[in-house]
Amino acid sequence: MPNYRAYINVPCLSEDELEEVARVLESGVLTTKDSSGPYVTRFEREFANFVGAKHAVAVCNGTAALHAALLALGVGPGDEVIVPSFTFVATAEAVALTGATPVFADIDLGTYCIDPEDVRAKLTPRTKAIIAVHLYGLPADMGALLDLAEERGLYVVEDAAQAHGAEYAGRKVGSIGHVACFSFYGSKIVTTGEGGMVTTNDDEIAERLRMVRNHGERGA
Ligand SMILES: *Cc1c(COP(=O)(O)O)cnc(C)c1O
């Protein structure tokens with residue numbers, strides 16, 4: 001077997017984590033009918049507290065988090081979603097998965113994040129949402145984006161896949177936009193191997209997210 005420990009992005013896993021994983025496997029509860037076992041439910045609660053959001057809904061990866069968030073907002077064919085031209089491909093891919101069209105806006109060279117002025121230039125009557133990616137842990141200019149969204153009746157989705165724990169104006173990312181998405185892929189700041197989380201302060205969006213996650217079933 002190659003020596004994977006010599007690679008970059010080697011996950012840091014402690015004895016504690018190995019013991020907890022063994023405990024889950026030994027318990028036999030790998031899931032429940034509510035689609036998340038006790039550990040996932042606890043992780044959701046603690047993650048929501050960590051980012052300062054009311055709800056956290058766990059999914060299988062960050063791409064699914066973005067897809068679920070857009071579906072929960074009602075994004076679909078005929079809609080346009082503005083995304084930064086410089087990001088990981090999944091940001092635009094999730095828009096395409098809903099049948100909507102990704103529209104690329106330029107980035108601000110100071111932050112490498114989406115430029116609110118170029119977002120304004122890309123708005124059309126079909127624009128339904130903006131995805132702000134907090135790239136390399138640097139938060140996007142959420143104040144300007146939320147002002148623009150309010151002015152035009154749009155949603156702001158945070159792609160925080162690379163920004164767990166980052167702060168903007170004294171608040172953690174994941175609690176600022178209408179809905180936010182995290183990844184727990186092996187090379188991210190926090191990992192579960194594969195995993196994702198959607199956070200929101202909106203009860204209705206949270207309810208729809210849980211339905212999207214669980215084949216349309218309520219209360220899951
Ligand atoms: C990693 C990443 C994703 C996708 O997350 P996966 O868990 O790999 O599906 C989405 N957006 C950004 C900015 C990412 O870095």
# chains A, B, ... in the order shown; residues from 1 in each chain; ligands from 1
>>> residues_near_ligand(ligand="ligand 1", cutoff="6 Å", atoms="only C-alpha atoms and all ligand atoms", output="list in words")
Asn61, Gly62, Thr63, Thr87, Phe88, Ala90, Thr91, Val133, Asp159, Ala161, Gln162, Ser183, Phe184, Tyr185, Gly195 and Gly196 of chain A
>>> write_last_selection(atoms="C-alpha atoms", output="CSV table (one decimal), in the first residue's frame")
chain,number,residue,atom,x,y,z
A,61,ASN,CA,-21.4,15.7,0.8
A,62,GLY,CA,-20.9,19.4,0.0
A,63,THR,CA,-22.3,19.1,-3.5
A,87,THR,CA,-14.5,28.5,-7.2
A,88,PHE,CA,-14.5,24.7,-7.0
A,90,ALA,CA,-19.4,22.0,-7.6
A,91,THR,CA,-20.7,25.5,-7.0
A,133,VAL,CA,-18.3,31.2,-2.0
A,159,ASP,CA,-20.9,28.1,-0.1
A,161,ALA,CA,-17.2,24.4,2.0
A,162,GLN,CA,-13.8,25.9,2.7
A,183,SER,CA,-18.4,20.1,3.1
A,184,PHE,CA,-16.6,17.5,5.3
A,185,TYR,CA,-14.6,16.0,2.5
A,195,GLY,CA,-20.2,14.6,4.4
A,196,GLY,CA,-22.0,17.9,4.1
>>> residues_around(residues="Arg45 (chain A)", least_positions_apart="4", cutoff="8 Å", atoms="only C-alpha atoms", output="mmCIF file with N, CA and C atoms, in the first residue's frame")
data_model
loop_
_atom_site.group_PDB
_atom_site.id
_atom_site.type_symbol
_atom_site.label_atom_id
_atom_site.label_comp_id
_atom_site.auth_asym_id
_atom_site.auth_seq_id
_atom_site.Cartn_x
_atom_site.Cartn_y
_atom_site.Cartn_z
ATOM 1 N N THR A 41 -27.559 13.345 14.568
ATOM 2 C CA THR A 41 -28.459 14.331 15.169
ATOM 3 C C THR A 41 -27.690 15.238 16.142
ATOM 4 N N ASN A 49 -25.081 25.161 16.642
ATOM 5 C CA ASN A 49 -24.625 26.035 17.727
ATOM 6 C C ASN A 49 -23.292 26.686 17.378
ATOM 7 N N HIS A 55 -30.844 26.035 12.452
ATOM 8 C CA HIS A 55 -30.980 24.651 11.976
ATOM 9 C C HIS A 55 -29.709 24.195 11.262
ATOM 10 N N ALA A 56 -29.416 22.900 11.382
ATOM 11 C CA ALA A 56 -28.368 22.275 10.570
ATOM 12 C C ALA A 56 -28.915 20.930 10.100
#
>>> closest_residue(among="A:Cys181, A:Arg152, A:Met197, A:Gly174", to="Ala94 (chain A)", atoms="only C-alpha atoms")
A:Cys181
>>> select_by_dssp(residues="region 50-169 of chain A", states="strand (DSSP E)", output="PyMOL selection string")
chain A and resi 55-59+80-84+101-105+127-133+155-159+167-168
>>> write_last_selection(atoms="C-alpha atoms", output="short mmCIF file (atom, residue, chain, number, x, y, z; two decimals), in the first residue's frame")
data_model
loop_
_atom_site.label_atom_id
_atom_site.label_comp_id
_atom_site.auth_asym_id
_atom_site.auth_seq_id
_atom_site.Cartn_x
_atom_site.Cartn_y
_atom_site.Cartn_z
CA HIS A 55 -30.98 24.65 11.98
CA ALA A 56 -28.37 22.27 10.57
CA VAL A 57 -29.30 19.44 8.22
CA ALA A 58 -26.64 16.81 7.45
CA VAL A 59 -26.29 15.38 3.95
CA GLU A 80 -30.55 31.85 -13.21
CA VAL A 81 -28.17 31.63 -10.25
CA ILE A 82 -25.13 33.90 -10.10
CA VAL A 83 -21.92 32.15 -9.04
CA PRO A 84 -18.29 33.32 -8.88
CA THR A 101 -28.49 28.13 -15.42
CA PRO A 102 -25.28 29.20 -13.66
CA VAL A 103 -24.28 32.76 -14.56
CA PHE A 104 -20.67 33.66 -13.80
CA ALA A 105 -19.69 36.90 -12.08
CA THR A 127 -32.08 35.70 -11.45
CA LYS A 128 -33.32 33.79 -8.41
CA ALA A 129 -30.26 33.47 -6.18
CA ILE A 130 -26.61 34.35 -5.69
CA ILE A 131 -24.07 31.84 -4.38
CA ALA A 132 -21.33 33.53 -2.36
CA VAL A 133 -18.31 31.24 -2.00
CA TYR A 155 -31.78 34.54 -2.07
CA VAL A 156 -28.15 34.45 -0.97
CA VAL A 157 -26.64 30.98 -0.57
CA GLU A 158 -23.30 30.74 1.24
CA ASP A 159 -20.91 28.10 -0.10
CA GLU A 167 -16.18 35.19 10.59
CA TYR A 168 -17.67 38.15 8.78
#
>>> atom_distance(atom1="CA of Glu194 (chain A)", atom2="CA of Ala163 (chain A)")
16.4 Å
>>> residues_around(residues="region 208-213 of chain A", least_positions_apart="4", cutoff="12 Å", atoms="only C-alpha atoms", output="ChimeraX atom specification")
/A:34-36,55-61,64-74,179-181,196-200,202-204,217-220
>>> select_by_dssp(residues="region 77-160 of chain A", states="alpha helix (DSSP H)", output="PyMOL selection string")
chain A and resi 90-97+116-122+142-152
>>> write_last_selection(atoms="C-alpha atoms", output="PDB file, in the first residue's frame")
ATOM      1  CA  ALA A  90     -19.362  21.952  -7.574  1.00  0.00           C
ATOM      2  CA  THR A  91     -20.737  25.477  -6.998  1.00  0.00           C
ATOM      3  CA  ALA A  92     -21.848  25.800 -10.631  1.00  0.00           C
ATOM      4  CA  GLU A  93     -22.516  22.068 -10.995  1.00  0.00           C
ATOM      5  CA  ALA A  94     -25.173  22.157  -8.244  1.00  0.00           C
ATOM      6  CA  VAL A  95     -27.019  24.915 -10.137  1.00  0.00           C
ATOM      7  CA  ALA A  96     -26.972  22.828 -13.320  1.00  0.00           C
ATOM      8  CA  LEU A  97     -28.273  19.787 -11.376  1.00  0.00           C
ATOM      9  CA  PRO A 116     -21.011  42.418  -5.698  1.00  0.00           C
ATOM     10  CA  GLU A 117     -20.681  45.084  -8.413  1.00  0.00           C
ATOM     11  CA  ASP A 118     -20.254  42.453 -11.117  1.00  0.00           C
ATOM     12  CA  VAL A 119     -23.173  40.494  -9.608  1.00  0.00           C
ATOM     13  CA  ARG A 120     -25.310  43.606 -10.123  1.00  0.00           C
ATOM     14  CA  ALA A 121     -24.210  43.750 -13.769  1.00  0.00           C
ATOM     15  CA  LYS A 122     -25.231  40.086 -14.276  1.00  0.00           C
ATOM     16  CA  MET A 142     -22.027  39.470   2.544  1.00  0.00           C
ATOM     17  CA  GLY A 143     -23.256  42.960   3.483  1.00  0.00           C
ATOM     18  CA  ALA A 144     -23.272  44.194  -0.118  1.00  0.00           C
ATOM     19  CA  LEU A 145     -24.697  40.904  -1.419  1.00  0.00           C
ATOM     20  CA  LEU A 146     -27.550  40.833   1.113  1.00  0.00           C
ATOM     21  CA  ASP A 147     -28.410  44.485   0.355  1.00  0.00           C
ATOM     22  CA  LEU A 148     -28.562  43.672  -3.341  1.00  0.00           C
ATOM     23  CA  ALA A 149     -30.623  40.528  -2.662  1.00  0.00           C
ATOM     24  CA  GLU A 150     -33.128  42.432  -0.570  1.00  0.00           C
ATOM     25  CA  GLU A 151     -33.420  45.152  -3.198  1.00  0.00           C
ATOM     26  CA  ARG A 152     -34.171  42.558  -5.930  1.00  0.00           C
TER      27      ARG A 152
END
>>> atom_distance(atom1="CA of Arg23 (chain A)", atom2="CA of Glu44 (chain A)")
18.6 Å
>>> closest_residue(among="A:Leu13, A:Lys54, A:Arg171, A:Cys113", to="Glu207 (chain A)", atoms="only C-alpha atoms")
A:Lys54
>>> closest_residue(among="A:Phe86, A:Ala53, A:Ala169, A:Thr98", to="Asn201 (chain A)", atoms="only C-alpha atoms")
A:Ala53
